[in-house]
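One file, input-v4.json, carrying JSON, C-alpha atoms:
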[["chain", "number", "residue", "atom", "x", "y", "z"],
["A", 15, "ASP", "CA", -2.98, 24.06, 14.16],
["A", 16, "GLN", "CA", -6.58, 22.82, 14.14],
["A", 17, "TYR", "CA", -6.10, 21.38, 10.65],
["A", 18, "ILE", "CA", -3.06, 19.40, 11.75],
["A", 19, "SER", "CA", -4.81, 18.27, 14.93],
["A", 20, "ASP", "CA", -7.80, 17.00, 12.91],
["A", 21, "LEU", "CA", -5.53, 15.36, 10.36],
["A", 22, "PHE", "CA", -3.92, 13.13, 12.96],
["A", 23, "LYS", "CA", -7.12, 12.68, 14.95],
["A", 24, "PHE", "CA", -8.98, 11.20, 11.99],
["A", 25, "ASN", "CA", -5.92, 9.45, 10.51],
["A", 26, "PRO", "CA", -4.12, 8.10, 13.59],
["A", 27, "GLU", "CA", -1.85, 5.85, 11.51],
["A", 28, "MET", "CA", -0.27, 9.02, 10.10],
["A", 29, "SER", "CA", 0.61, 10.21, 13.61],
["A", 30, "THR", "CA", 2.56, 6.98, 14.04],
["A", 31, "PHE", "CA", 4.18, 7.19, 10.63],
["A", 32, "TYR", "CA", 5.28, 10.82, 11.06],
["A", 33, "GLN", "CA", 6.30, 10.14, 14.68],
["A", 34, "ILE", "CA", 4.64, 13.25, 16.06],
["A", 35, "GLU", "CA", 4.66, 14.05, 19.76],
["A", 36, "GLU", "CA", 2.13, 11.93, 21.66],
["A", 37, "PRO", "CA", 0.97, 9.91, 18.64],
["A", 38, "ASP", "CA", -2.10, 7.69, 18.64],
["A", 39, "ASN", "CA", -0.45, 4.28, 18.23],
["A", 40, "ILE", "CA", -3.63, 2.31, 18.89],
["A", 41, "ASN", "CA", -6.44, 3.41, 16.60],
["A", 42, "LEU", "CA", -7.06, 3.22, 12.86],
["A", 43, "THR", "CA", -8.89, 5.55, 10.51],
["A", 44, "ASP", "CA", -12.65, 5.06, 10.84],
["A", 45, "ILE", "CA", -13.86, 4.43, 7.29],
["A", 46, "SER", "CA", -17.36, 3.40, 8.34],
["A", 47, "PRO", "CA", -20.22, 5.67, 7.14],
["A", 48, "ALA", "CA", -20.35, 7.27, 10.61],
["A", 49, "GLY", "CA", -16.61, 7.79, 10.65],
["A", 50, "MET", "CA", -16.62, 9.36, 7.20],
["A", 51, "ALA", "CA", -19.46, 11.69, 8.25],
["A", 52, "SER", "CA", -17.49, 12.83, 11.32],
["A", 53, "MET", "CA", -14.44, 13.61, 9.19],
["A", 54, "GLU", "CA", -16.51, 15.63, 6.74],
["A", 55, "GLN", "CA", -18.25, 17.56, 9.51],
["A", 56, "ALA", "CA", -14.91, 18.51, 11.08],
["A", 57, "GLU", "CA", -13.69, 19.62, 7.66],
["A", 58, "ASN", "CA", -16.82, 21.72, 7.11],
["A", 59, "THR", "CA", -16.44, 23.36, 10.52],
["A", 60, "LEU", "CA", -12.81, 24.23, 9.85],
["A", 61, "TYR", "CA", -13.64, 25.72, 6.46],
["A", 62, "GLU", "CA", -16.42, 27.84, 7.98],
["A", 63, "LYS", "CA", -13.96, 29.19, 10.55],
["A", 64, "LEU", "CA", -11.45, 29.93, 7.80],
["A", 65, "GLU", "CA", -14.07, 31.90, 5.89],
["A", 66, "THR", "CA", -14.53, 34.27, 8.85],
["A", 67, "ILE", "CA", -10.88, 35.39, 8.75],
["A", 68, "GLU", "CA", -10.34, 38.83, 7.21],
["A", 69, "TYR", "CA", -7.76, 38.00, 4.57],
["A", 70, "GLU", "CA", -6.77, 41.62, 3.92],
["A", 71, "LYS", "CA", -5.67, 42.09, 7.54],
["A", 72, "LEU", "CA", -3.18, 39.23, 7.39],
["A", 73, "ASP", "CA", 0.48, 39.85, 6.69],
["A", 74, "ARG", "CA", 2.09, 38.33, 3.60],
["A", 75, "ASN", "CA", 3.25, 35.12, 5.26],
["A", 76, "GLN", "CA", -0.14, 34.61, 6.89],
["A", 77, "GLN", "CA", -1.87, 35.16, 3.55],
["A", 78, "ILE", "CA", 0.25, 32.43, 1.98],
["A", 79, "THR", "CA", -0.64, 30.06, 4.81],
["A", 80, "TYR", "CA", -4.30, 31.05, 4.44],
["A", 81, "GLN", "CA", -4.31, 30.30, 0.70],
["A", 82, "LEU", "CA", -2.54, 26.98, 1.17],
["A", 83, "LEU", "CA", -5.01, 25.90, 3.83],
["A", 84, "LYS", "CA", -8.02, 27.10, 1.86],
["A", 85, "ASN", "CA", -6.87, 25.25, -1.25],
["A", 86, "GLN", "CA", -6.23, 22.11, 0.77],
["A", 87, "ILE", "CA", -9.62, 22.05, 2.51],
["A", 88, "SER", "CA", -11.72, 23.21, -0.44],
["A", 89, "GLY", "CA", -9.96, 20.68, -2.65],
["A", 90, "SER", "CA", -10.87, 17.90, -0.26],
["A", 91, "ILE", "CA", -14.48, 19.09, 0.02],
["A", 92, "ASN", "CA", -14.86, 19.39, -3.75],
["A", 93, "GLN", "CA", -13.52, 15.88, -4.25],
["A", 94, "ARG", "CA", -16.35, 14.39, -2.22],
["A", 95, "ILE", "CA", -18.25, 14.15, -5.48],
["A", 96, "CYS", "CA", -15.82, 11.38, -6.44],
["A", 97, "LYS", "CA", -16.86, 9.17, -3.49],
["A", 98, "LYS", "CA", -13.37, 7.68, -3.58],
["A", 99, "HIS", "CA", -14.01, 5.50, -0.53],
["A", 100, "LEU", "CA", -16.37, 3.47, -2.74],
["A", 101, "TRP", "CA", -13.57, 2.52, -5.16],
["A", 102, "SER", "CA", -10.59, 2.46, -2.80],
["A", 103, "ILE", "CA", -9.33, -1.07, -3.39],
["A", 104, "ASN", "CA", -6.54, -0.60, -5.91],
["A", 105, "HIS", "CA", -3.05, -1.99, -6.38],
["A", 106, "LEU", "CA", -1.31, 1.29, -5.47],
["A", 107, "ASP", "CA", -3.24, 2.32, -2.37],
["A", 108, "ALA", "CA", -5.14, -0.67, -1.00],
["A", 109, "PHE", "CA", -5.54, -1.12, 2.75],
["A", 110, "TYR", "CA", -2.60, -3.54, 2.93],
["A", 111, "THR", "CA", -0.11, -1.23, 1.22],
["A", 112, "TRP", "CA", -0.01, 1.10, 4.24],
["A", 113, "TYR", "CA", 1.24, -1.63, 6.55],
["A", 114, "GLN", "CA", 4.67, -1.74, 5.01],
["A", 115, "TYR", "CA", 5.05, 1.77, 6.45],
["A", 116, "ILE", "CA", 3.06, 1.40, 9.67],
["A", 117, "GLY", "CA", 4.79, -1.88, 10.41],
["A", 118, "GLN", "CA", 8.17, -0.17, 10.23],
["A", 119, "THR", "CA", 7.20, 2.78, 12.46],
["A", 120, "GLN", "CA", 4.83, 1.18, 15.02],
["A", 121, "PRO", "CA", 6.74, 1.43, 18.34],
["A", 122, "VAL", "CA", 7.58, -1.93, 19.95],
["A", 123, "GLU", "CA", 10.41, -0.93, 22.30],
["A", 124, "ASN", "CA", 8.67, -1.60, 25.61],
["A", 125, "GLU", "CA", 5.72, -3.49, 27.07],
["A", 126, "LYS", "CA", 3.31, -0.56, 26.64],
["A", 127, "ASP", "CA", 4.35, -0.10, 23.01],
["A", 128, "ARG", "CA", 3.79, -3.76, 22.26],
["A", 129, "ALA", "CA", 0.38, -3.70, 23.97],
["A", 130, "ASN", "CA", -0.56, -0.70, 21.82],
["A", 131, "ALA", "CA", 0.59, -2.53, 18.70],
["A", 132, "LEU", "CA", -1.55, -5.55, 19.54],
["A", 133, "ALA", "CA", -4.51, -3.27, 20.28],
["A", 134, "ARG", "CA", -4.14, -1.62, 16.87],
["A", 135, "TRP", "CA", -3.70, -4.94, 15.10],
["A", 136, "ASN", "CA", -6.92, -6.15, 16.77],
["A", 137, "LYS", "CA", -8.73, -3.38, 14.88],
["A", 138, "ILE", "CA", -7.44, -4.42, 11.45],
["A", 139, "PRO", "CA", -10.11, -7.10, 10.75],
["A", 140, "GLU", "CA", -12.92, -4.59, 11.30],
["A", 141, "TYR", "CA", -11.14, -2.08, 9.08],
["A", 142, "ILE", "CA", -10.92, -4.69, 6.31],
["A", 143, "ARG", "CA", -14.64, -5.45, 6.66],
["A", 144, "HIS", "CA", -15.52, -1.74, 6.39],
["A", 145, "ASP", "CA", -13.30, -1.41, 3.33],
["A", 146, "MET", "CA", -14.95, -4.38, 1.65],
["A", 147, "ASP", "CA", -18.42, -3.07, 2.52],
["A", 148, "ASN", "CA", -17.53, 0.32, 1.00],
["A", 149, "ASN", "CA", -16.31, -1.27, -2.21],
["A", 150, "LYS", "CA", -19.36, -3.55, -2.36],
["A", 151, "LYS", "CA", -21.56, -0.47, -2.13],
["A", 152, "GLY", "CA", -19.45, 1.17, -4.81],
["A", 153, "LEU", "CA", -19.88, -1.78, -7.14],
["A", 154, "ASP", "CA", -23.64, -1.76, -6.56],
["A", 155, "THR", "CA", -23.92, 1.97, -7.31],
["A", 156, "GLY", "CA", -21.78, 2.21, -10.44],
["A", 157, "TYR", "CA", -18.36, 2.93, -8.94],
["A", 158, "ALA", "CA", -16.57, -0.09, -10.35],
["A", 159, "LEU", "CA", -12.82, -0.12, -10.81],
["A", 160, "PRO", "CA", -11.16, -1.01, -14.14],
["A", 161, "ARG", "CA", -10.72, -4.71, -14.75],
["A", 162, "VAL", "CA", -6.94, -4.40, -15.07],
["A", 163, "VAL", "CA", -6.80, -2.83, -11.59],
["A", 164, "VAL", "CA", -9.00, -5.54, -10.09],
["A", 165, "GLU", "CA", -6.79, -8.23, -11.61],
["A", 166, "ARG", "CA", -3.72, -6.68, -9.99],
["A", 167, "VAL", "CA", -5.45, -6.45, -6.61],
["A", 168, "ILE", "CA", -6.42, -10.10, -6.84],
["A", 169, "GLY", "CA", -2.79, -11.00, -7.59],
["A", 170, "GLN", "CA", -1.58, -8.98, -4.60],
["A", 171, "MET", "CA", -4.11, -10.56, -2.24],
["A", 172, "GLU", "CA", -3.12, -14.02, -3.44],
["A", 173, "GLN", "CA", 0.53, -13.20, -2.69],
["A", 174, "LEU", "CA", -0.41, -11.94, 0.78],
["A", 175, "LEU", "CA", -2.15, -15.20, 1.55],
["A", 176, "ALA", "CA", 0.56, -17.42, 0.05],
["A", 177, "LYS", "CA", 3.48, -15.95, 2.00],
["A", 178, "PRO", "CA", 4.51, -17.33, 5.40],
["A", 179, "ILE", "CA", 3.20, -15.11, 8.19],
["A", 180, "GLU", "CA", 6.76, -14.15, 9.12],
["A", 181, "GLN", "CA", 7.15, -12.56, 5.66],
["A", 182, "SER", "CA", 3.85, -10.69, 5.77],
["A", 183, "VAL", "CA", 3.70, -6.88, 5.99],
["A", 184, "PHE", "CA", 1.40, -7.37, 8.96],
["A", 185, "TYR", "CA", 4.18, -9.14, 10.86],
["A", 186, "LEU", "CA", 6.71, -6.31, 10.52],
["A", 187, "PRO", "CA", 6.34, -5.01, 14.11],
["A", 188, "ALA", "CA", 7.02, -8.50, 15.46],
["A", 189, "LYS", "CA", 10.18, -8.76, 13.37],
["A", 190, "ARG", "CA", 11.46, -5.59, 15.01],
["A", 191, "ALA", "CA", 10.83, -6.88, 18.54],
["A", 192, "SER", "CA", 12.76, -9.44, 20.56],
["A", 193, "ASP", "CA", 9.79, -10.39, 22.75],
["A", 194, "VAL", "CA", 8.94, -13.99, 21.82],
["A", 195, "ASP", "CA", 5.51, -13.85, 23.47],
["A", 196, "PHE", "CA", 4.65, -10.70, 21.49],
["A", 197, "GLN", "CA", 5.79, -12.34, 18.27],
["A", 198, "ASP", "CA", 3.69, -15.42, 19.01],
["A", 199, "ARG", "CA", 0.56, -13.41, 19.85],
["A", 200, "MET", "CA", 0.88, -11.28, 16.74],
["A", 201, "LYS", "CA", 1.44, -14.31, 14.52],
["A", 202, "LYS", "CA", -1.63, -16.07, 15.91],
["A", 203, "HIS", "CA", -3.76, -12.95, 15.48],
["A", 204, "ILE", "CA", -2.67, -12.51, 11.87],
["A", 205, "GLU", "CA", -3.36, -16.18, 11.13],
["A", 206, "SER", "CA", -6.73, -16.40, 12.87],
["A", 207, "GLN", "CA", -8.19, -12.92, 12.40],
["A", 208, "ILE", "CA", -6.54, -10.90, 9.63],
["A", 209, "MET", "CA", -5.87, -13.51, 6.94],
["A", 210, "PRO", "CA", -9.43, -14.94, 7.05],
["A", 211, "GLU", "CA", -10.78, -11.43, 6.34],
["A", 212, "ILE", "CA", -8.40, -11.08, 3.40],
["A", 213, "GLU", "CA", -9.57, -14.49, 2.14],
["A", 214, "LYS", "CA", -13.17, -13.26, 2.21],
["A", 215, "TYR", "CA", -12.17, -10.07, 0.41],
["A", 216, "LEU", "CA", -10.28, -12.06, -2.22],
["A", 217, "SER", "CA", -13.30, -14.29, -2.82],
["A", 218, "PHE", "CA", -15.47, -11.21, -3.30],
["A", 219, "MET", "CA", -12.98, -9.70, -5.75],
["A", 220, "LYS", "CA", -12.66, -12.91, -7.76],
["A", 221, "ASP", "CA", -16.22, -14.19, -7.67],
["A", 222, "VAL", "CA", -18.22, -10.96, -7.80],
["A", 223, "TYR", "CA", -16.19, -7.85, -8.54],
["A", 224, "LEU", "CA", -14.06, -9.06, -11.44],
["A", 225, "GLU", "CA", -17.06, -9.87, -13.62],
["A", 226, "LYS", "CA", -18.54, -6.40, -13.04],
["A", 227, "ALA", "CA", -15.29, -4.44, -13.31],
["A", 228, "ARG", "CA", -15.44, -1.68, -15.91],
["A", 229, "PRO", "CA", -13.55, -1.98, -19.21],
["A", 230, "GLU", "CA", -12.75, 1.75, -19.33],
["A", 231, "LEU", "CA", -9.68, 3.13, -17.59],
["A", 232, "SER", "CA", -10.80, 6.75, -17.28],
["A", 233, "ILE", "CA", -12.66, 7.86, -14.16],
["A", 234, "THR", "CA", -14.99, 9.77, -16.48],
["A", 235, "ALA", "CA", -16.77, 6.42, -16.80],
["A", 236, "LEU", "CA", -17.88, 6.72, -13.15],
["A", 237, "PRO", "CA", -20.98, 8.59, -11.95],
["A", 238, "ASN", "CA", -20.11, 12.32, -12.00],
["A", 239, "GLY", "CA", -16.77, 11.25, -13.44],
["A", 240, "VAL", "CA", -16.14, 14.43, -15.42],
["A", 241, "ALA", "CA", -16.79, 16.60, -12.34],
["A", 242, "CYS", "CA", -14.65, 14.24, -10.26],
["A", 243, "TYR", "CA", -11.76, 14.57, -12.69],
["A", 244, "ALA", "CA", -12.05, 18.37, -12.63],
["A", 245, "SER", "CA", -12.11, 18.44, -8.82],
["A", 246, "MET", "CA", -9.06, 16.21, -8.57],
["A", 247, "LEU", "CA", -7.20, 18.29, -11.15],
["A", 248, "SER", "CA", -8.05, 21.49, -9.30],
["A", 249, "ALA", "CA", -7.03, 20.05, -5.92],
["A", 250, "SER", "CA", -3.66, 18.96, -7.32],
["A", 251, "THR", "CA", -2.85, 22.03, -9.41],
["A", 252, "THR", "CA", -5.18, 24.84, -8.18],
["A", 253, "LEU", "CA", -6.18, 25.22, -11.85],
["A", 254, "SER", "CA", -9.47, 24.59, -13.62]]

I need this file expressed as structure tokens, please.
Amino acid sequence: DQYISDLFKFNPEMSTFYQIEEPDNINLTDISPAGMASMEQAENTLYEKLETIEYEKLDRNQQITYQLLKNQISGSINQRICKKHLWSINHLDAFYTWYQYIGQTQPVENEKDRANALARWNKIPEYIRHDMDNNKKGLDTGYALPRVVVERVIGQMEQLLAKPIEQSVFYLPAKRASDVDFQDRMKKHIESQIMPEIEKYLSFMKDVYLEKARPELSITALPNGVACYASMLSASTTLS
């Protein structure tokens, strides 16, 4: 229960997407250094509590749950060596890819829902800045993405900026609402606040990142890349 509670606390978008009871429809994941530290501390605390449980005294079903949870948390802890937040901008899982899902599940049925949506959308520019800062730090410390990935990200960002706002993934909640004032406010916010941040990010990717992108595809080219690969393999398969 604590694991699930922490999962949605630190990833509020997921509570919206999975439509849990009493979801957080306002906040976004805090990917700042302080936010990342808080997530890791909560994970450490949960793992320490798990370690105090006497496994032998659990029944069979509880033991299965225990093993699943232990594998999940230890896998996440072990993958910290990868520092994946420093090379997060990729064509499959970039910050903008999530909004095709959030935009379809963000509630907009009533006035409170629409106010919550606007409040969350007001946080998107800061999220984009944190993401760019993380990837800048990654580039400066040897965590560059492959050139072919960077080229695809650049192409996606260019498409985002070229489309009319009404066709943007960020406008999806407005398309699902009939409130004209809400649609107008969301459109203006996307135009004046979100798109300028994406333009800055695109400039960074084209003018700085692309030249320094790595030629190798394998993550073994990254710092601690071999250990990172092993941790990711173990987390996915429970095997060494």

Contacts of Leu231 in chain A within 9 Å, all atoms listed in the file, excl. fewer than 5 positions in-chain, as a ChimeraX atom specification: /A:159-163

Extract, using all atoms listed in the file, all DNA, RNA and protein residues at most 8 Å from range 164-167 of chain A, discarding same-chain residues fewer than 2 positions from it, and format them as a tab-separated table (two decimals) with C-alpha atoms, keeping the file's coordinate frame.
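That gives us out-v3.tsv:
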chain	number	residue	atom	x	y	z
A	103	ILE	CA	-9.33	-1.07	-3.39
A	104	ASN	CA	-6.54	-0.60	-5.91
A	105	HIS	CA	-3.05	-1.99	-6.38
A	159	LEU	CA	-12.82	-0.12	-10.81
A	160	PRO	CA	-11.16	-1.01	-14.14
A	161	ARG	CA	-10.72	-4.71	-14.75
A	162	VAL	CA	-6.94	-4.40	-15.07
A	169	GLY	CA	-2.79	-11.00	-7.59
A	170	GLN	CA	-1.58	-8.98	-4.60
A	171	MET	CA	-4.11	-10.56	-2.24
A	219	MET	CA	-12.98	-9.70	-5.75
A	223	TYR	CA	-16.19	-7.85	-8.54
A	224	LEU	CA	-14.06	-9.06	-11.44
A	227	ALA	CA	-15.29	-4.44	-13.31

Spatial sel., origin (3.0, -9.4, 8.7), limit 10 Å, all atoms listed in the file, listed as a VMD selection string: chain A and resid 110 113 to 114 117 174 177 to 189 200 to 201 204 to 205 208 to 209

Selection near Phe31 in chain A, 7 Å with all atoms listed in the file, sequence-local residues under 6 positions removed, as a PyMOL selection string: chain A and resi 115-116+119

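Among the candidates A:Ser206, A:Thr155, A:Asn148, A:Asn124, the residue lying nearest to Ser192 in chain A is A:Asn124 (atoms considered: only C-alpha atoms).
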
Closest of A:Ser217, A:Asn238, A:Asn130, A:Gln55 to Lys97 in chain A - atom-to-atom distances counting only C-alpha atoms: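 When distances to Lys97 in chain A are compared using only C-alpha atoms, the smallest one comes from A:Asn238.
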
Nearest residue to Asn41 in chain A from the set A:Lys84, A:Lys137, A:Arg74, A:Arg94 (distances using all atoms listed in the file):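 Ranked by minimum distance to Asn41 in chain A, first place goes to A:Lys137.
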
Let me know the centre plus edge lengths, in Å and rounded to one decimal, of a box with edges along x, y and z that contains all listed atoms of range 133-140 of chain A and is padded by 3 Å on every side, as lines of an AutoDock Vina configuration file.
center_x = -8.3
center_y = -4.4
center_z = 15.5
size_x = 15.2
size_y = 11.5
size_z = 15.5

One-decimal distance in Å that lies between CA of Ser102 in chain A and CA of Gly239 in chain A: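 These two atoms are separated by 15.1 Å.
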
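Closest approach to Gln197 in chain A from the set A:Arg128, A:Lys23, A:Lys98, A:Lys71 is made by A:Arg128, with distances taken over only C-alpha atoms.
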
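Our summary of the geometry notes that CA of Asp15 in chain A is positioned 13.3 Å from CA of Leu82 in chain A.
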
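Picture a line from CA of Asn39 in chain A to CA of Asn136 in chain A; it runs 12.4 Å.
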
Among the residues A:Leu64, A:Leu100, A:Ala133, A:Ala249, the one that comes closest to Lys150 in chain A [using only C-alpha atoms]: A:Leu100

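Each of A:Tyr215, A:Phe24, A:Trp101, A:Tyr69 was compared to Ile142 in chain A using all atoms listed in the file, and A:Tyr215 turns out to be the nearest.
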
Within 12 Å of file point (-15.9, 14.8, -1.7), counting only C-alpha atoms, expressed as an MDAnalysis selection string: chainID A and resid 50:51 53:55 57:58 87:100 238 241:243 245:246 249

Output range 218-234 of chain A as a PDB file, in the coordinates of the input, making sure N, CA, C and O atoms are there.
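Once everything was written out, this is out-v3.pdb:
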ATOM      1  N   PHE A 218     -14.571 -12.229  -2.755  1.00  0.00           N
ATOM      2  CA  PHE A 218     -15.470 -11.210  -3.300  1.00  0.00           C
ATOM      3  C   PHE A 218     -14.892 -10.608  -4.582  1.00  0.00           C
ATOM      4  O   PHE A 218     -15.601 -10.444  -5.581  1.00  0.00           O
ATOM      5  N   MET A 219     -13.607 -10.305  -4.577  1.00  0.00           N
ATOM      6  CA  MET A 219     -12.980  -9.700  -5.750  1.00  0.00           C
ATOM      7  C   MET A 219     -12.980 -10.651  -6.944  1.00  0.00           C
ATOM      8  O   MET A 219     -13.223 -10.240  -8.084  1.00  0.00           O
ATOM      9  N   LYS A 220     -12.727 -11.925  -6.681  1.00  0.00           N
ATOM     10  CA  LYS A 220     -12.660 -12.910  -7.760  1.00  0.00           C
ATOM     11  C   LYS A 220     -14.035 -13.333  -8.257  1.00  0.00           C
ATOM     12  O   LYS A 220     -14.261 -13.448  -9.472  1.00  0.00           O
ATOM     13  N   ASP A 221     -14.942 -13.579  -7.327  1.00  0.00           N
ATOM     14  CA  ASP A 221     -16.220 -14.190  -7.670  1.00  0.00           C
ATOM     15  C   ASP A 221     -17.302 -13.183  -8.043  1.00  0.00           C
ATOM     16  O   ASP A 221     -18.262 -13.525  -8.748  1.00  0.00           O
ATOM     17  N   VAL A 222     -17.166 -11.955  -7.570  1.00  0.00           N
ATOM     18  CA  VAL A 222     -18.220 -10.960  -7.800  1.00  0.00           C
ATOM     19  C   VAL A 222     -17.693  -9.734  -8.552  1.00  0.00           C
ATOM     20  O   VAL A 222     -18.220  -9.368  -9.599  1.00  0.00           O
ATOM     21  N   TYR A 223     -16.639  -9.143  -8.020  1.00  0.00           N
ATOM     22  CA  TYR A 223     -16.190  -7.850  -8.540  1.00  0.00           C
ATOM     23  C   TYR A 223     -15.613  -7.955  -9.949  1.00  0.00           C
ATOM     24  O   TYR A 223     -15.898  -7.115 -10.819  1.00  0.00           O
ATOM     25  N   LEU A 224     -14.774  -8.957 -10.177  1.00  0.00           N
ATOM     26  CA  LEU A 224     -14.060  -9.060 -11.440  1.00  0.00           C
ATOM     27  C   LEU A 224     -15.003  -9.062 -12.637  1.00  0.00           C
ATOM     28  O   LEU A 224     -14.756  -8.393 -13.645  1.00  0.00           O
ATOM     29  N   GLU A 225     -16.100  -9.783 -12.525  1.00  0.00           N
ATOM     30  CA  GLU A 225     -17.060  -9.870 -13.620  1.00  0.00           C
ATOM     31  C   GLU A 225     -17.720  -8.523 -13.916  1.00  0.00           C
ATOM     32  O   GLU A 225     -18.068  -8.229 -15.065  1.00  0.00           O
ATOM     33  N   LYS A 226     -17.862  -7.685 -12.885  1.00  0.00           N
ATOM     34  CA  LYS A 226     -18.540  -6.400 -13.040  1.00  0.00           C
ATOM     35  C   LYS A 226     -17.579  -5.224 -13.181  1.00  0.00           C
ATOM     36  O   LYS A 226     -18.009  -4.067 -13.270  1.00  0.00           O
ATOM     37  N   ALA A 227     -16.280  -5.508 -13.179  1.00  0.00           N
ATOM     38  CA  ALA A 227     -15.290  -4.440 -13.310  1.00  0.00           C
ATOM     39  C   ALA A 227     -15.463  -3.739 -14.656  1.00  0.00           C
ATOM     40  O   ALA A 227     -15.840  -4.350 -15.649  1.00  0.00           O
ATOM     41  N   ARG A 228     -15.187  -2.448 -14.681  1.00  0.00           N
ATOM     42  CA  ARG A 228     -15.440  -1.680 -15.910  1.00  0.00           C
ATOM     43  C   ARG A 228     -14.307  -1.865 -16.912  1.00  0.00           C
ATOM     44  O   ARG A 228     -13.135  -1.993 -16.526  1.00  0.00           O
ATOM     45  N   PRO A 229     -14.607  -1.855 -18.203  1.00  0.00           N
ATOM     46  CA  PRO A 229     -13.550  -1.980 -19.210  1.00  0.00           C
ATOM     47  C   PRO A 229     -12.768  -0.686 -19.407  1.00  0.00           C
ATOM     48  O   PRO A 229     -11.606  -0.720 -19.800  1.00  0.00           O
ATOM     49  N   GLU A 230     -13.412   0.466 -19.121  1.00  0.00           N
ATOM     50  CA  GLU A 230     -12.750   1.750 -19.330  1.00  0.00           C
ATOM     51  C   GLU A 230     -11.744   2.038 -18.227  1.00  0.00           C
ATOM     52  O   GLU A 230     -11.932   1.670 -17.080  1.00  0.00           O
ATOM     53  N   LEU A 231     -10.659   2.723 -18.590  1.00  0.00           N
ATOM     54  CA  LEU A 231      -9.680   3.130 -17.590  1.00  0.00           C
ATOM     55  C   LEU A 231     -10.039   4.467 -16.958  1.00  0.00           C
ATOM     56  O   LEU A 231      -9.817   4.683 -15.777  1.00  0.00           O
ATOM     57  N   SER A 232     -10.573   5.382 -17.750  1.00  0.00           N
ATOM     58  CA  SER A 232     -10.800   6.750 -17.280  1.00  0.00           C
ATOM     59  C   SER A 232     -11.876   6.817 -16.209  1.00  0.00           C
ATOM     60  O   SER A 232     -12.907   6.148 -16.289  1.00  0.00           O
ATOM     61  N   ILE A 233     -11.653   7.676 -15.198  1.00  0.00           N
ATOM     62  CA  ILE A 233     -12.660   7.860 -14.160  1.00  0.00           C
ATOM     63  C   ILE A 233     -13.889   8.605 -14.689  1.00  0.00           C
ATOM     64  O   ILE A 233     -14.903   8.674 -13.997  1.00  0.00           O
ATOM     65  N   THR A 234     -13.800   9.131 -15.902  1.00  0.00           N
ATOM     66  CA  THR A 234     -14.990   9.770 -16.480  1.00  0.00           C
ATOM     67  C   THR A 234     -16.091   8.750 -16.738  1.00  0.00           C
ATOM     68  O   THR A 234     -17.233   9.126 -16.993  1.00  0.00           O
TER      69      THR A 234
END
